[in-house]
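> Data: target-v6.txt, compact mmCIF, C-alpha atoms.
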```
# COMPACT_ATOMS: atom_id res chain seq x y z
CA MET B 1 0.00 0.00 0.00
CA ASN B 2 1.47 3.35 -0.97
CA THR B 3 2.08 6.22 1.42
CA LEU B 4 -0.86 8.23 0.21
CA ASN B 5 -3.21 5.33 0.82
CA LYS B 6 -1.69 4.80 4.21
CA THR B 7 -2.19 8.44 5.13
CA LEU B 8 -5.76 8.23 3.94
CA THR B 9 -6.58 5.09 5.87
CA CYS B 10 -4.96 6.54 8.96
CA THR B 11 -7.26 9.53 8.69
CA VAL B 12 -10.21 7.19 8.29
CA ALA B 13 -9.06 5.26 11.34
CA ALA B 14 -8.88 8.41 13.38
CA LEU B 15 -12.44 9.20 12.42
CA THR B 16 -13.88 5.71 12.74
CA PHE B 17 -12.28 4.70 16.00
CA ALA B 18 -12.31 7.33 18.69
CA THR B 19 -8.72 8.54 18.83
CA ALA B 20 -8.58 7.94 22.55
CA LEU B 21 -9.35 4.24 22.22
CA TYR B 22 -6.17 3.24 20.49
CA ALA B 23 -2.84 4.09 21.80
CA SER B 24 -0.28 6.08 19.92
CA GLU B 25 3.45 6.31 19.81
CA THR B 26 3.35 9.28 22.15
CA ASP B 27 2.06 7.12 25.01
CA VAL B 28 4.67 6.55 27.65
CA LEU B 29 5.15 3.23 29.42
CA VAL B 30 5.83 3.78 33.10
CA ILE B 31 5.68 0.71 35.31
CA ASN B 32 4.78 0.94 39.01
CA GLU B 33 4.98 4.73 38.64
CA GLU B 34 8.77 4.52 38.66
CA ILE B 35 10.34 2.55 35.79
CA THR B 36 10.05 4.37 32.45
CA ILE B 37 10.54 2.01 29.54
CA PRO B 38 11.18 3.46 26.06
CA THR B 39 8.71 1.85 23.66
CA SER B 40 10.51 2.74 20.47
CA ALA B 41 14.09 2.91 19.32
CA PRO B 42 16.03 3.77 16.17
CA ALA B 43 15.92 0.78 13.82
CA PRO B 44 19.03 -1.42 13.91
CA GLU B 45 21.41 -1.30 10.95
CA GLY B 46 20.06 -2.91 7.79
CA SER B 47 16.48 -2.81 9.05
CA PRO B 48 13.68 -2.22 6.55
CA LEU B 49 11.86 -0.21 9.24
CA ASP B 50 12.32 3.48 10.10
CA LYS B 51 12.15 2.73 13.77
CA VAL B 52 11.26 -0.19 15.95
CA ILE B 53 8.13 0.07 18.07
CA SER B 54 6.94 -2.11 20.91
CA GLY B 55 3.68 -4.05 20.62
CA TRP B 56 2.53 -2.19 23.75
CA SER B 57 2.13 0.99 21.68
CA PHE B 58 -0.50 -0.69 19.51
CA ARG B 59 -2.76 -1.97 22.27
CA LYS B 60 -5.87 -0.32 23.67
CA HIS B 61 -5.39 1.90 26.68
CA GLU B 62 -7.16 -0.57 28.97
CA THR B 63 -4.77 -3.35 27.93
CA GLN B 64 -1.78 -1.01 28.19
CA ALA B 65 -2.78 -0.06 31.72
CA LEU B 66 -2.56 -3.68 32.90
CA GLN B 67 1.13 -3.65 32.07
CA MET B 68 1.79 -0.44 33.97
CA ASP B 69 1.47 -1.91 37.44
CA ASP B 70 2.85 -5.25 38.53
CA PHE B 71 -0.16 -5.74 40.81
CA ASP B 72 -2.50 -5.42 37.84
CA ASN B 73 -0.32 -7.45 35.47
CA PRO B 74 -1.67 -11.02 35.66
CA SER B 75 1.74 -12.36 34.57
CA PHE B 76 2.94 -11.87 38.12
CA ILE B 77 0.79 -14.72 39.43
CA PHE B 78 2.97 -16.94 37.26
CA VAL B 79 6.19 -15.13 38.14
CA ASP B 80 5.40 -15.82 41.81
CA LYS B 81 4.91 -19.51 41.05
CA ALA B 82 8.27 -19.54 39.27
CA SER B 83 9.90 -17.93 42.32
CA ASP B 84 8.65 -20.87 44.40
CA GLN B 85 9.87 -23.29 41.77
CA TRP B 86 13.28 -21.59 41.86
CA THR B 87 14.09 -23.07 45.26
CA LYS B 88 12.24 -26.36 44.77
CA VAL B 89 14.49 -29.43 44.81
CA GLU B 90 13.62 -31.78 41.98
CA GLY B 91 15.28 -34.73 40.27
CA THR B 92 17.89 -37.33 41.19
CA GLU B 93 20.67 -34.86 42.10
CA GLY B 94 18.81 -33.23 44.99
CA LYS B 95 19.13 -29.76 43.50
CA SER B 96 16.99 -26.73 42.75
CA CYS B 97 17.79 -23.79 40.44
CA ALA B 98 18.98 -21.91 43.54
CA SER B 99 21.58 -24.61 44.32
CA CYS B 100 23.65 -23.44 41.36
CA HIS B 101 22.46 -19.90 40.63
CA GLU B 102 21.62 -18.58 44.09
CA ASP B 103 19.80 -15.39 43.18
CA VAL B 104 17.76 -15.07 39.97
CA GLU B 105 18.91 -11.44 39.75
CA ALA B 106 22.22 -12.79 38.49
CA PHE B 107 20.41 -13.35 35.18
CA LYS B 108 20.06 -9.62 34.59
CA GLY B 109 20.80 -9.01 30.90
CA LEU B 110 20.46 -12.61 29.77
CA ARG B 111 17.13 -12.08 28.04
CA THR B 112 18.65 -9.36 25.82
CA VAL B 113 21.15 -11.71 24.19
CA LEU B 114 18.95 -14.77 23.57
CA PRO B 115 18.73 -16.74 21.39
CA ARG B 116 22.49 -17.14 20.98
CA TRP B 117 25.04 -19.69 19.82
CA ASN B 118 25.90 -22.35 22.40
CA GLU B 119 29.48 -23.26 21.63
CA ALA B 120 29.58 -26.48 23.66
CA LYS B 121 26.41 -27.82 22.04
CA SER B 122 27.09 -26.36 18.58
CA GLU B 123 23.49 -25.23 18.46
CA LEU B 124 21.38 -22.10 18.59
CA TYR B 125 20.01 -21.84 22.15
CA SER B 126 16.84 -20.17 23.36
CA MET B 127 16.23 -19.61 27.08
CA GLU B 128 14.06 -22.75 27.15
CA ASN B 129 17.06 -24.84 25.99
CA TYR B 130 19.24 -23.57 28.80
CA ILE B 131 16.53 -24.22 31.39
CA ASN B 132 15.97 -27.76 30.18
CA ASP B 133 19.70 -28.51 30.10
CA CYS B 134 19.85 -27.51 33.76
CA ARG B 135 16.91 -29.73 34.57
CA THR B 136 18.10 -32.83 32.72
CA GLU B 137 21.91 -32.59 33.04
CA ARG B 138 22.41 -30.88 36.40
CA MET B 139 19.28 -31.69 38.40
CA GLY B 140 18.46 -35.10 36.93
CA ALA B 141 14.87 -33.89 36.51
CA GLU B 142 12.34 -34.19 33.70
CA PRO B 143 12.56 -31.53 30.99
CA TRP B 144 9.64 -29.12 30.74
CA LYS B 145 7.52 -28.83 27.60
CA TRP B 146 8.53 -25.76 25.56
CA SER B 147 5.37 -23.71 25.92
CA LYS B 148 3.76 -25.26 29.00
CA GLY B 149 3.06 -23.43 32.26
CA LYS B 150 6.18 -24.18 34.28
CA MET B 151 8.47 -23.25 31.41
CA THR B 152 6.73 -19.99 30.46
CA ALA B 153 6.59 -18.99 34.14
CA MET B 154 10.33 -19.60 34.57
CA THR B 155 11.20 -17.70 31.37
CA ALA B 156 9.04 -14.84 32.65
CA LEU B 157 10.89 -14.73 35.98
CA ILE B 158 14.30 -14.80 34.29
CA SER B 159 13.31 -12.30 31.56
CA LEU B 160 11.92 -9.90 34.17
CA GLN B 161 15.48 -9.44 35.48
CA SER B 162 16.28 -7.71 32.15
CA ARG B 163 13.23 -5.45 32.09
CA GLY B 164 14.14 -2.06 30.65
CA LEU B 165 17.41 -3.21 29.07
CA PRO B 166 17.75 -2.99 25.27
CA MET B 167 17.60 -6.18 23.20
CA SER B 168 20.96 -6.92 21.62
CA VAL B 169 21.16 -10.38 20.08
CA LYS B 170 24.29 -11.19 18.13
CA THR B 171 23.65 -11.68 14.44
CA ASP B 172 27.04 -12.65 13.02
CA GLY B 173 29.49 -15.51 13.44
CA PRO B 174 28.10 -19.01 13.96
CA VAL B 175 24.47 -17.84 14.02
CA GLU B 176 24.64 -16.57 10.45
CA PRO B 177 22.97 -19.65 8.93
CA ALA B 178 20.16 -19.39 11.50
CA MET B 179 19.75 -15.68 10.72
CA LYS B 180 19.50 -16.55 7.04
CA LEU B 181 16.89 -19.25 7.67
CA GLY B 182 14.92 -16.97 9.99
CA LYS B 183 14.86 -14.21 7.41
CA GLU B 184 13.73 -16.61 4.72
CA LEU B 185 10.89 -17.87 6.94
CA TYR B 186 9.89 -14.29 7.73
CA TYR B 187 9.46 -13.38 4.09
CA THR B 188 8.08 -16.64 2.68
CA ARG B 189 4.35 -16.77 2.03
CA VAL B 190 2.71 -19.83 3.50
CA GLY B 191 -0.68 -21.37 4.16
CA GLN B 192 -3.95 -21.34 2.29
CA LEU B 193 -4.10 -17.55 2.79
CA ASP B 194 -0.60 -17.35 1.32
CA MET B 195 0.93 -14.67 3.53
CA ALA B 196 4.32 -14.00 5.08
CA CYS B 197 5.07 -12.44 8.47
CA SER B 198 6.25 -9.36 6.56
CA ASN B 199 2.85 -8.86 4.87
CA CYS B 200 1.28 -8.08 8.22
CA HIS B 201 4.09 -6.91 10.51
CA GLU B 202 6.31 -4.98 8.08
CA ASP B 203 3.95 -3.78 5.34
CA ASN B 204 0.87 -3.11 7.44
CA TYR B 205 1.76 -2.37 11.03
CA GLY B 206 -0.33 0.42 12.49
CA VAL B 207 -3.32 -0.72 10.44
CA MET B 208 -6.46 -2.49 11.64
CA ILE B 209 -6.95 -6.07 10.48
CA ARG B 210 -10.55 -6.69 11.49
CA ALA B 211 -10.53 -6.16 15.29
CA ASP B 212 -6.74 -6.21 15.70
CA HIS B 213 -4.36 -3.28 15.48
CA LEU B 214 -1.33 -4.75 13.69
CA SER B 215 2.00 -4.23 15.44
CA GLN B 216 5.51 -4.87 14.19
CA GLY B 217 5.32 -8.35 15.76
CA GLN B 218 8.23 -7.65 18.10
CA ILE B 219 9.14 -10.14 20.82
CA ASN B 220 10.58 -7.82 23.48
CA GLY B 221 7.52 -8.45 25.68
CA PHE B 222 7.67 -12.25 25.71
CA PRO B 223 6.52 -14.34 27.36
CA THR B 224 3.31 -12.30 27.35
CA TYR B 225 0.13 -12.75 29.33
CA ARG B 226 -2.80 -12.81 26.90
CA LEU B 227 -6.31 -11.87 27.98
CA LYS B 228 -7.49 -14.20 25.23
CA ASN B 229 -6.27 -17.38 26.94
CA SER B 230 -5.52 -16.13 30.48
CA LYS B 231 -1.97 -17.45 30.59
CA LEU B 232 1.61 -16.70 29.66
CA ASN B 233 2.43 -17.37 26.02
CA SER B 234 5.85 -18.22 24.70
CA THR B 235 7.33 -16.64 21.59
CA HIS B 236 7.02 -19.93 19.71
CA ALA B 237 3.36 -20.30 20.72
CA ARG B 238 2.72 -16.84 19.24
CA PHE B 239 4.46 -17.81 16.00
CA LYS B 240 2.30 -20.94 15.93
CA GLY B 241 -0.86 -18.86 16.40
CA CYS B 242 0.04 -16.51 13.56
CA MET B 243 0.81 -19.44 11.23
CA LYS B 244 -2.47 -21.16 12.07
CA ASN B 245 -4.37 -17.95 11.37
CA ILE B 246 -3.09 -18.02 7.82
CA ARG B 247 -3.93 -21.73 7.70
CA ALA B 248 -0.31 -22.85 7.58
CA LYS B 249 1.10 -25.89 9.36
CA PRO B 250 3.22 -24.42 12.17
CA PHE B 251 6.77 -25.61 12.87
CA GLY B 252 7.29 -27.43 16.16
CA GLN B 253 7.76 -25.62 19.48
CA GLY B 254 11.51 -25.48 19.97
CA SER B 255 12.23 -26.58 16.38
CA ALA B 256 15.31 -25.31 14.55
CA GLU B 257 12.97 -23.30 12.31
CA PHE B 258 11.19 -21.48 15.15
CA LYS B 259 14.47 -20.83 16.97
CA ALA B 260 15.90 -19.33 13.79
CA LEU B 261 12.76 -17.22 13.37
CA GLU B 262 13.00 -16.18 17.03
CA LEU B 263 16.58 -15.03 16.52
CA TYR B 264 15.76 -13.15 13.33
CA VAL B 265 12.67 -11.46 14.83
CA ALA B 266 14.68 -10.60 17.97
CA SER B 267 17.37 -9.03 15.76
CA ARG B 268 14.73 -6.89 14.03
CA GLY B 269 13.94 -5.50 17.48
CA ASN B 270 17.52 -4.93 18.65
CA GLY B 271 17.51 -1.68 20.61
CA LEU B 272 13.96 -2.14 21.88
CA SER B 273 13.70 -2.47 25.67
CA VAL B 274 12.70 -5.74 27.27
CA GLU B 275 9.16 -5.53 28.68
CA SER B 276 8.71 -9.15 29.71
CA PRO B 277 6.29 -10.21 30.98
CA ALA B 278 4.01 -7.95 28.92
CA VAL B 279 0.21 -7.98 28.62
CA ARG B 280 -1.60 -8.35 25.33
CA ASN B 281 -5.18 -9.04 24.26
CA MET E 1 -30.12 -47.16 8.00
CA ARG E 2 -31.15 -47.71 4.40
CA ARG E 3 -32.90 -44.32 4.29
CA ILE E 4 -29.80 -42.55 5.56
CA SER E 5 -27.53 -44.04 2.95
CA PHE E 6 -30.03 -43.20 0.23
CA ALA E 7 -30.10 -39.58 1.39
CA ALA E 8 -26.33 -39.50 1.46
CA LEU E 9 -26.18 -40.94 -2.04
CA SER E 10 -28.54 -38.36 -3.47
CA THR E 11 -26.50 -35.55 -1.90
CA VAL E 12 -23.43 -36.91 -3.62
CA LEU E 13 -25.28 -37.02 -6.94
CA ILE E 14 -26.53 -33.47 -6.60
CA SER E 15 -23.18 -32.05 -5.66
CA THR E 16 -21.45 -33.97 -8.44
CA SER E 17 -23.81 -32.59 -11.05
CA ALA E 18 -23.39 -29.06 -9.73
CA PHE E 19 -19.64 -29.58 -9.78
CA ALA E 20 -19.68 -30.68 -13.40
CA ALA E 21 -20.82 -27.22 -14.48
CA GLU E 22 -18.07 -25.46 -12.55
CA VAL E 23 -14.76 -24.32 -13.94
CA ALA E 24 -12.02 -26.03 -11.94
CA PRO E 25 -9.56 -23.67 -10.21
CA GLY E 26 -6.77 -24.63 -12.59
CA ASP E 27 -8.93 -24.02 -15.67
CA VAL E 28 -10.04 -20.44 -15.07
CA SER E 29 -8.92 -18.22 -17.94
CA PHE E 30 -7.73 -14.72 -17.22
CA ASP E 31 -7.33 -11.78 -19.61
CA GLU E 32 -4.07 -9.83 -19.66
CA ASN E 33 -5.24 -7.56 -16.83
CA GLY E 34 -6.09 -10.42 -14.52
CA GLY E 35 -9.83 -10.19 -15.25
CA VAL E 36 -12.12 -13.20 -15.72
CA SER E 37 -14.98 -12.48 -18.11
CA ALA E 38 -16.95 -15.74 -17.99
CA SER E 39 -18.88 -16.99 -14.97
CA ILE E 40 -17.21 -19.97 -13.32
CA THR E 41 -20.55 -21.67 -12.53
CA SER E 42 -23.79 -22.25 -14.39
CA VAL E 43 -25.89 -20.83 -11.56
CA ALA E 44 -26.31 -17.05 -11.34
CA GLY E 45 -24.66 -15.44 -8.31
CA ASP E 46 -26.89 -14.63 -5.33
CA PRO E 47 -26.03 -11.28 -3.70
CA VAL E 48 -27.65 -12.23 -0.38
CA ALA E 49 -25.60 -15.43 -0.05
CA GLY E 50 -22.65 -13.38 -1.31
CA LYS E 51 -22.96 -10.83 1.46
CA ALA E 52 -23.03 -13.67 4.01
CA ALA E 53 -19.85 -15.23 2.55
CA PHE E 54 -18.25 -11.77 2.38
CA ILE E 55 -18.79 -11.26 6.12
CA ASN E 56 -18.18 -14.82 7.37
CA ARG E 57 -14.80 -15.03 9.10
CA LYS E 58 -14.24 -18.59 7.88
CA GLN E 59 -15.16 -17.79 4.27
CA GLY E 60 -14.47 -14.45 2.59
CA ASN E 61 -13.68 -12.57 5.80
CA CYS E 62 -13.35 -9.59 3.47
CA LEU E 63 -14.06 -7.20 6.36
CA ALA E 64 -10.73 -8.26 7.87
CA CYS E 65 -9.11 -5.90 5.39
CA HIS E 66 -11.85 -3.76 3.82
CA ILE E 67 -14.22 -1.09 5.10
CA ASN E 68 -17.69 -1.56 3.62
CA ASP E 69 -20.48 0.73 4.79
CA ASP E 70 -23.12 -1.62 3.40
CA ALA E 71 -22.09 -4.06 6.15
CA SER E 72 -22.04 -1.38 8.85
CA GLY E 73 -24.07 -3.70 11.10
CA GLN E 74 -20.87 -5.71 11.51
CA SER E 75 -18.29 -4.34 13.91
CA PHE E 76 -14.59 -4.18 13.11
CA HIS E 77 -13.85 -3.35 9.49
CA GLY E 78 -10.16 -3.65 8.71
CA GLU E 79 -8.18 -1.14 6.70
CA VAL E 80 -5.41 -3.19 5.13
CA GLY E 81 -7.03 -2.75 1.70
CA PRO E 82 -9.02 0.11 0.16
CA SER E 83 -12.63 0.77 1.17
CA LEU E 84 -15.07 -1.19 -0.98
CA ASN E 85 -17.72 1.53 -0.91
CA GLY E 86 -18.67 2.07 -4.53
CA ALA E 87 -16.37 -0.72 -5.76
CA ALA E 88 -18.80 -1.63 -8.56
CA SER E 89 -18.61 1.91 -9.93
CA ARG E 90 -14.83 1.68 -10.18
CA TRP E 91 -14.43 -1.83 -11.58
CA GLU E 92 -15.93 -3.89 -14.41
CA GLU E 93 -17.51 -7.24 -13.55
CA ALA E 94 -14.70 -9.24 -15.20
CA GLN E 95 -12.05 -7.40 -13.21
CA LEU E 96 -13.93 -7.88 -9.94
CA ARG E 97 -14.27 -11.61 -10.63
CA GLY E 98 -10.54 -11.80 -11.34
CA ILE E 99 -9.75 -9.96 -8.09
CA ILE E 100 -11.77 -12.48 -6.08
CA VAL E 101 -10.46 -15.56 -7.94
CA ASN E 102 -6.79 -14.57 -7.84
CA SER E 103 -6.05 -10.99 -6.84
CA LYS E 104 -2.33 -11.46 -7.50
CA LEU E 105 -2.95 -11.27 -11.25
CA THR E 106 -4.53 -7.81 -10.83
CA PHE E 107 -2.34 -6.51 -7.99
CA GLU E 108 1.15 -7.93 -8.14
CA GLY E 109 2.49 -9.01 -4.78
CA THR E 110 -0.68 -8.10 -2.90
CA ILE E 111 -1.39 -9.36 0.62
CA MET E 112 -4.96 -10.17 -0.47
CA PRO E 113 -5.55 -13.95 -0.53
CA SER E 114 -6.44 -15.70 -3.77
CA PHE E 115 -9.85 -17.16 -3.06
CA TYR E 116 -10.16 -19.66 -5.93
CA ARG E 117 -6.76 -20.92 -6.94
CA ALA E 118 -5.50 -24.41 -7.68
CA THR E 119 -2.32 -24.17 -5.63
CA ASN E 120 -2.08 -22.93 -2.06
CA GLY E 121 0.92 -21.54 -0.24
CA ALA E 122 3.54 -23.97 1.09
CA ARG E 123 2.73 -25.76 4.36
CA THR E 124 -1.02 -25.36 4.01
CA MET E 125 -2.72 -27.16 6.91
CA GLU E 126 -3.98 -30.61 5.95
CA LYS E 127 -7.56 -29.61 6.59
CA PHE E 128 -7.33 -27.02 3.80
CA ALA E 129 -4.84 -28.70 1.48
CA GLY E 130 -6.00 -28.84 -2.13
CA LYS E 131 -9.05 -26.75 -1.28
CA THR E 132 -9.97 -23.28 -2.43
CA ILE E 133 -10.92 -20.67 0.20
CA LEU E 134 -14.27 -20.02 -1.49
CA THR E 135 -16.24 -22.48 -3.63
CA ALA E 136 -16.93 -21.54 -7.25
CA GLN E 137 -20.51 -20.67 -6.35
CA GLN E 138 -19.37 -18.50 -3.43
CA VAL E 139 -17.08 -16.60 -5.83
CA GLU E 140 -20.07 -15.84 -8.07
CA ASP E 141 -22.21 -14.97 -5.03
CA VAL E 142 -19.61 -12.57 -3.60
CA LEU E 143 -19.26 -11.05 -7.08
CA ALA E 144 -23.05 -10.56 -7.31
CA TYR E 145 -22.86 -8.83 -3.94
CA LEU E 146 -19.92 -6.58 -4.92
CA LYS E 147 -21.91 -5.51 -7.97
CA THR E 148 -24.48 -3.97 -5.63
CA LEU E 149 -21.82 -1.68 -4.10
CA LYS E 150 -22.44 1.33 -6.35
CA GLU E 151 -21.47 4.93 -5.72
CA GLU E 152 -24.52 6.83 -4.40
```
If you convert what's in this file into structure tokens, what do you get?

Amino acid sequence: MNTLNKTLTCTVAALTFATALYASETDVLVINEEITIPTSAPAPEGSPLDKVISGWSFRKHETQALQMDDFDNPSFIFVDKASDQWTKVEGTEGKSCASCHEDVEAFKGLRTVLPRWNEAKSELYSMENYINDCRTERMGAEPWKWSKGKMTAMTALISLQSRGLPMSVKTDGPVEPAMKLGKELYYTRVGQLDMACSNCHEDNYGVMIRADHLSQGQINGFPTYRLKNSKLNSTHARFKGCMKNIRAKPFGQGSAEFKALELYVASRGNGLSVESPAVRN
Amino acid sequence: MRRISFAALSTVLISTSAFAAEVAPGDVSFDENGGVSASITSVAGDPVAGKAAFINRKQGNCLACHINDDASGQSFHGEVGPSLNGAASRWEEAQLRGIIVNSKLTFEGTIMPSFYRATNGARTMEKFAGKTILTAQQVEDVLAYLKTLKEE
């Protein structure tokens, strides 16, 4: 859609939907009345976007408000559960997370660099991979399912330690093939509706698609609590949802494809502040 | 038991005969502008059924992307595509049919799905594999409905 059209439809939007209902880029995200989180940033080098904008900026004010106070943010019920889990001994080795890591605050900054290359495993690693390695190799416990409750709660607790820090995944070196695959997946049309991620999140962000205000599809708020299903949702579960909406067979949770896509999408949002755990509709 | 299978059999017969008069997705012929001049069924399009398919989220779901004041009773009109108010005053019937059947031949690289095309995108879910989004009759019905969208 050309710029003129876009300007026109924006004007229509302003008239059709009361301007107050939908947020704008001028809205400021302040959490607990003390932490100000920038919701946009200059686009990283090589980006097709002018600037990168958080999904928060595209939500209705009532949804935005839920993320502005940790007491109102339903994610924190799950973060609390993860805090209990943190010290819970499980598995054959008689250990909990705290046995090796002591305080979860030590993970400050980790969320901003994941996914990244794991040299020892010669594989691209998401946070879920690291958590499950600890469970199986160090605790002698069962691995958690990629997008199930205990896993998303733990990723929320760990990601929270990086809240407000800018995303900065590494895009060169051994992750280059994954970056290439992720980019290809991002721009390849799939499904009966024959669309690519870029059709919605690059070409049409800021525009209404039926009842949804399209965002740039950034992942700086993940895992996110969704009002739609009343739980925390992993990045891969969101990718799955978008693929199913276009009637495409999703890749597996934790698959090489979704990890590559996660890395590529994360790189498109480098510079954007971590908001995990965010709230979305 | 016997009655049920008889009923089932007659349904099959009816749908087969209706199918015989339809142009298969791979056989639709387009002009150089992506238009389709001939009807793809032998039954005239029904604008009322067309409006229903236009609105239905599992069928046309055209409102996902288009504003259409004629369907103002429906909430949430998307704005990914242009407004369809007065579409029939801007476009000939053949072009409108072509846009519904396979919009990519009218608008290169468009996000708009192709509603009656032989091949789907890669990784189409099994449930939808080999199927068109709209049936041939629904294409003609939606077209009949679009033709009612005239400039005041």
> Just want the 9 Å neighbourhood of Ala88 in chain E, counted on only C-alpha atoms, with same-chain residues fewer than 2 positions away dropped. Output as a ChimeraX atom specification.
/E:84-86,90-93,96,146-151
> Within 8 Å of range 121-136 of chain B, counting only C-alpha atoms, which residues show up once you throw out same-chain ones fewer than 5 positions away? Write them as a VMD selection string, please.
chain B and resid 91 97 111 114 to 116 141 to 144 146 151 155 175 178 256 259 to 260
> Using only C-alpha atoms, can you tell me which of B:Ser162, B:Asn199, B:Gln216, B:Asn281 comes closest to chain E?
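Once distances to chain E are computed over only C-alpha atoms, the minimum belongs to B:Asn199.
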> Output as a ChimeraX atom specification the set of chain E residues within 12 Å of chain B, with distances taken over only C-alpha atoms.
/E:55-69,72,74-83,102-104,107-134
> For the atom pair CA of Ser99 in chain B and CA of Trp86 in chain B, what is the interatomic distance in Å to one decimal place?
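Separation of CA of Ser99 in chain B and CA of Trp86 in chain B: 9.2 Å.
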> Need to verify the contact set: Gly34 in chain E, 9 Å, all atoms listed in the file, exclusion of same-chain residues closer than 2 positions in sequence. Can you return it as a PDB file with C-alpha atoms, in the frame of the given file?

```
ATOM      1  CA  SER E  29      -8.920 -18.220 -17.940  1.00  0.00           C
ATOM      2  CA  PHE E  30      -7.730 -14.720 -17.220  1.00  0.00           C
ATOM      3  CA  ASP E  31      -7.330 -11.780 -19.610  1.00  0.00           C
ATOM      4  CA  GLU E  32      -4.070  -9.830 -19.660  1.00  0.00           C
ATOM      5  CA  VAL E  36     -12.120 -13.200 -15.720  1.00  0.00           C
ATOM      6  CA  ALA E  94     -14.700  -9.240 -15.200  1.00  0.00           C
ATOM      7  CA  GLN E  95     -12.050  -7.400 -13.210  1.00  0.00           C
ATOM      8  CA  GLY E  98     -10.540 -11.800 -11.340  1.00  0.00           C
ATOM      9  CA  ILE E  99      -9.750  -9.960  -8.090  1.00  0.00           C
ATOM     10  CA  ASN E 102      -6.790 -14.570  -7.840  1.00  0.00           C
ATOM     11  CA  SER E 103      -6.050 -10.990  -6.840  1.00  0.00           C
ATOM     12  CA  LYS E 104      -2.330 -11.460  -7.500  1.00  0.00           C
ATOM     13  CA  LEU E 105      -2.950 -11.270 -11.250  1.00  0.00           C
ATOM     14  CA  THR E 106      -4.530  -7.810 -10.830  1.00  0.00           C
ATOM     15  CA  PHE E 107      -2.340  -6.510  -7.990  1.00  0.00           C
TER      16      PHE E 107
END
```
> CA of Glu140 in chain E and CA of Gly45 in chain E are how many Å apart?
4.6 Å
> Which value, in Å to one decimal, gives the distance between CA of Ala136 in chain E and CA of Thr41 in chain E?
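Here the two named atoms are 6.4 Å from each other.
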> Please list as a PDB file with C-alpha atoms, in the frame of the given file every residue within 12 Å of range 73-78 of chain B, counting all atoms listed in the file and excluding residues in the same chain fewer than 4 positions away.

```
ATOM      1  CA  ILE B  31       5.680   0.710  35.310  1.00  0.00           C
ATOM      2  CA  ASN B  32       4.780   0.940  39.010  1.00  0.00           C
ATOM      3  CA  GLU B  62      -7.160  -0.570  28.970  1.00  0.00           C
ATOM      4  CA  THR B  63      -4.770  -3.350  27.930  1.00  0.00           C
ATOM      5  CA  GLN B  64      -1.780  -1.010  28.190  1.00  0.00           C
ATOM      6  CA  ALA B  65      -2.780  -0.060  31.720  1.00  0.00           C
ATOM      7  CA  LEU B  66      -2.560  -3.680  32.900  1.00  0.00           C
ATOM      8  CA  GLN B  67       1.130  -3.650  32.070  1.00  0.00           C
ATOM      9  CA  MET B  68       1.790  -0.440  33.970  1.00  0.00           C
ATOM     10  CA  ASP B  69       1.470  -1.910  37.440  1.00  0.00           C
ATOM     11  CA  ALA B  82       8.270 -19.540  39.270  1.00  0.00           C
ATOM     12  CA  SER B  83       9.900 -17.930  42.320  1.00  0.00           C
ATOM     13  CA  ASP B  84       8.650 -20.870  44.400  1.00  0.00           C
ATOM     14  CA  GLN B  85       9.870 -23.290  41.770  1.00  0.00           C
ATOM     15  CA  LYS B 148       3.760 -25.260  29.000  1.00  0.00           C
ATOM     16  CA  GLY B 149       3.060 -23.430  32.260  1.00  0.00           C
ATOM     17  CA  LYS B 150       6.180 -24.180  34.280  1.00  0.00           C
ATOM     18  CA  MET B 151       8.470 -23.250  31.410  1.00  0.00           C
ATOM     19  CA  THR B 152       6.730 -19.990  30.460  1.00  0.00           C
ATOM     20  CA  ALA B 153       6.590 -18.990  34.140  1.00  0.00           C
ATOM     21  CA  MET B 154      10.330 -19.600  34.570  1.00  0.00           C
ATOM     22  CA  THR B 155      11.200 -17.700  31.370  1.00  0.00           C
ATOM     23  CA  ALA B 156       9.040 -14.840  32.650  1.00  0.00           C
ATOM     24  CA  LEU B 157      10.890 -14.730  35.980  1.00  0.00           C
ATOM     25  CA  ILE B 158      14.300 -14.800  34.290  1.00  0.00           C
ATOM     26  CA  SER B 159      13.310 -12.300  31.560  1.00  0.00           C
ATOM     27  CA  LEU B 160      11.920  -9.900  34.170  1.00  0.00           C
ATOM     28  CA  GLY B 221       7.520  -8.450  25.680  1.00  0.00           C
ATOM     29  CA  PHE B 222       7.670 -12.250  25.710  1.00  0.00           C
ATOM     30  CA  PRO B 223       6.520 -14.340  27.360  1.00  0.00           C
ATOM     31  CA  THR B 224       3.310 -12.300  27.350  1.00  0.00           C
ATOM     32  CA  TYR B 225       0.130 -12.750  29.330  1.00  0.00           C
ATOM     33  CA  ARG B 226      -2.800 -12.810  26.900  1.00  0.00           C
ATOM     34  CA  LEU B 227      -6.310 -11.870  27.980  1.00  0.00           C
ATOM     35  CA  ASN B 229      -6.270 -17.380  26.940  1.00  0.00           C
ATOM     36  CA  SER B 230      -5.520 -16.130  30.480  1.00  0.00           C
ATOM     37  CA  LYS B 231      -1.970 -17.450  30.590  1.00  0.00           C
ATOM     38  CA  LEU B 232       1.610 -16.700  29.660  1.00  0.00           C
ATOM     39  CA  ASN B 233       2.430 -17.370  26.020  1.00  0.00           C
ATOM     40  CA  GLU B 275       9.160  -5.530  28.680  1.00  0.00           C
ATOM     41  CA  SER B 276       8.710  -9.150  29.710  1.00  0.00           C
ATOM     42  CA  PRO B 277       6.290 -10.210  30.980  1.00  0.00           C
ATOM     43  CA  ALA B 278       4.010  -7.950  28.920  1.00  0.00           C
ATOM     44  CA  VAL B 279       0.210  -7.980  28.620  1.00  0.00           C
ATOM     45  CA  ARG B 280      -1.600  -8.350  25.330  1.00  0.00           C
TER      46      ARG B 280
END
```
